[in-house]
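Novice: Just passing along the structure, written as structure tokens.
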Amino acid sequence: MKKYLFNRILTLIPTLLIVATIGYLLIYMAPGDPAAVMLGEEADVTEVIRLRTEMGLDRPIYVQLGRWFARIARGDLGYSFFLQRTVTQAILDRLEVTMLLTAYSMIIAIILGVTIGIIAAVKHNTIVDQLMMGIALLGVSMPSFWLGINFILLFALGARWFPAAGYVDIADGLFMHIRSLTLPSLTLGFISAAPIARMTRSSMLQVLNQDYIRTARAKGLIEFSVIISHAFRNAMIPTITMVGMTVGSLISGAIVTETVFALPGVGRLVIQSIGRRDYPTVQGVLIFIAFIYVLVNLLVDILYLYLDPRVKYL
Amino acid sequence: MTNNQKNQEVAPNFFRDFVVGGFKLMGRSRMMSIGFVLVLSMTILALLAPFISPYDPLEINPMRRLQSPSREHIMGTDEVGRDVFSRVLWGARISLLTGALVVVFSNIFGIIIGLVSGYYDKVDKVIMRLMDGLMAFPIMLLAIAMMAALGARLSNVIIALSIVFAPRVARVVRGVVLTVRESAYVEAAIVVGAPSWKIIFIHILPNCLDPIIVQSSFMFAQAVLAEAALSFLGAGIPPWLPSWGNIMTGGRLYISVAPWMTIYPGIAIIICVLGLNLFGDGLRDLADPRLRGVI
């Protein structure tokens, strides 16, 4: 197992290098000279040339890439002239909102998804099953921002239970904090619950047909305990894969959701930075999120080893 | 099991199954027929938009701004007095066209990359690492970054989303190629000296069509959603073109006074994407009967 872990971590290196390269080249391709864009339209030509040299833009592309890798390795994602601070600092300032939003949404997605999935599987081929799967299907077919806007319309502008936009820090009161993130988390959670529900249902259906479930019922266990401790425990592994895969869509969704609810998170930072052509920030966030995403996938893989003793990866 | 039977299992004749069995299955699978009808009707509405839309989708009429749904404007009007219903109809053209072209391009790139990568061991590792790298970015983030680099234009939305989806097609195709490559009839083709391109296109490619067709309908659905989200974030189709995402972006600012501007295009997206997903589920059952009723 140690050998597997070691190899798995080794394969991260080329992936991360490619991610960093793609991140660099994407912005490199952007129209306009990065140095000129940074200094604004009224910048002096000599100024631009000086900044180009400073940024190493006059060097061959492989030298630029080499420097870029070295900088990332030191945790230096560049400097944003617009924000007047390092990109790393800008991301860290806004990370809390995004992480909490993602975490709350994930909790909601897991609770909703697993419950819907189990109910649908237990009531297989009944109207309840169809209803549950209908809800799940609606969840994968709905634009998250549309759901968010409707939540705002119903619960913020209509019922006035929650604020329509903005974020309250935990330090300013837990209740207000939760209240400010309720609608965004519900939006993102509901959308992400759908694939988890579908996966839970299908893996539960496979497990429920097995002999040991019949045995558990035959020895007189109550149905609840058969379903939760016998069936669901074994059906959990595909569900966890799905939860791991959901992280990517949660991050994608967070970008959109933060924009809908005007939350000061990393996702909104990207959108705002694109608007003001603050390319170092766009690049930095791109690399940062992709690295996080790669690491989460690694964690999910490692989690398997503990959850499923059959997976040995010799 | 003889080799012959084995090959039949690897290579189901999708088109025959589809033509003969497709309509039969649609008769049996209510969900798939509902999906088919939804997608078909959306397509027909999109095609007929120039004939059935009551107003010009770009016609500005300040006298009639922000009117709630009425007999003249069944979905109301927007902030400059354009008819929302006409815009939703025309929006269907742009959104569906974007989705369809993304499916076409990501399939072309994905299939070529997958075939080459699966067939030629030497390049496999390099290509797949590159694909892993592309897939390491969350879909929306990569699409947004690419739009930032390329600029907000309809063609760029299609390019960006195709680049995002192509690695996913490539991975599926490569998986099929790796299994099919080992089968007896491919070995036989190599032995009799068939050129590589012939083996790849005539013997291997047809086996990939099953999963590709199934995946295409889901990809179509995701592309429609992604286009809407990109336009909503202002990194998509230019604002003056009526796409479903764009209509909603405009509506967002007027949500408290004119919710119809946001609600109706959203419903159009849901109908279209729901139809595609239902259809995709049905197709998957058709391609793999073992999964019927399970997933």
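Naming works like this for the structure tokens: A, B, ... for the chains as they're shown, residue 1 at the start of each chain, ligands 1 onward in shown order.
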Could you list, as JSON, numbers by chain, the residues of chain A having an atom within 6 Å of chain B when counting only C-alpha atoms?

Specialist: {"A": [15, 18, 19, 27, 30, 141, 142, 143, 202, 248, 252, 290]}

Novice: Do you know which residues are at most 8 Å from Tyr24 (chain A) counting only C-alpha atoms, after dropping those on the same chain fewer than 2 positions away, and could you put them as a ChimeraX atom specification?

Specialist: /A:20-22,26-28,65,68,283

Novice: Might you pull out every residue within 8 Å of Gly282 (chain B), with only C-alpha atoms counted and same-chain residues fewer than 2 positions away left off, and present them as a PyMOL selection string?

Specialist: chain B and resi 26+29+31-32+278-280+284-286

Novice: Would you please work out which residue, of B:Tyr254, B:Cys208, B:His203, B:Gly99, is nearest to Ala184 (chain B) when using only C-alpha atoms?

Specialist: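 Among B:Tyr254, B:Cys208, B:His203, B:Gly99, it is B:His203 that comes nearest to Ala184 (chain B).
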
Novice: Using only C-alpha atoms, which residues sit within 9 Å of Ser216 (chain B) once same-chain residues fewer than 6 positions away are excluded, as a PyMOL selection string?

Specialist: chain B and resi 103-104+107+169+280

Novice: Expressed in Å to a single decimal, how great is the separation between CA of Asn150 (chain A) and CA of Pro163 (chain A)?

Specialist: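 According to the coordinates, CA of Asn150 (chain A) and CA of Pro163 (chain A) are separated by 13.3 Å.
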
Novice: So how many Å separate CA of Phe81 (chain A) and CA of Gly284 (chain A), to one decimal?

Specialist: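 A separation of 13.2 Å between them.
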
Novice: Can you tell me, as JSON, numbers by chain, what residues are no more than 12 Å from Val173 (chain B) when counting only C-alpha atoms, ignoring any on the same chain fewer than 3 positions away?

Specialist: {"B": [107, 108, 109, 110, 111, 112, 113, 114, 115, 116, 117, 118, 119, 128, 166, 167, 168, 169, 170, 176, 177, 178, 179, 180, 181, 200, 204, 205, 206, 207, 208, 209, 210, 211, 212, 213, 215]}
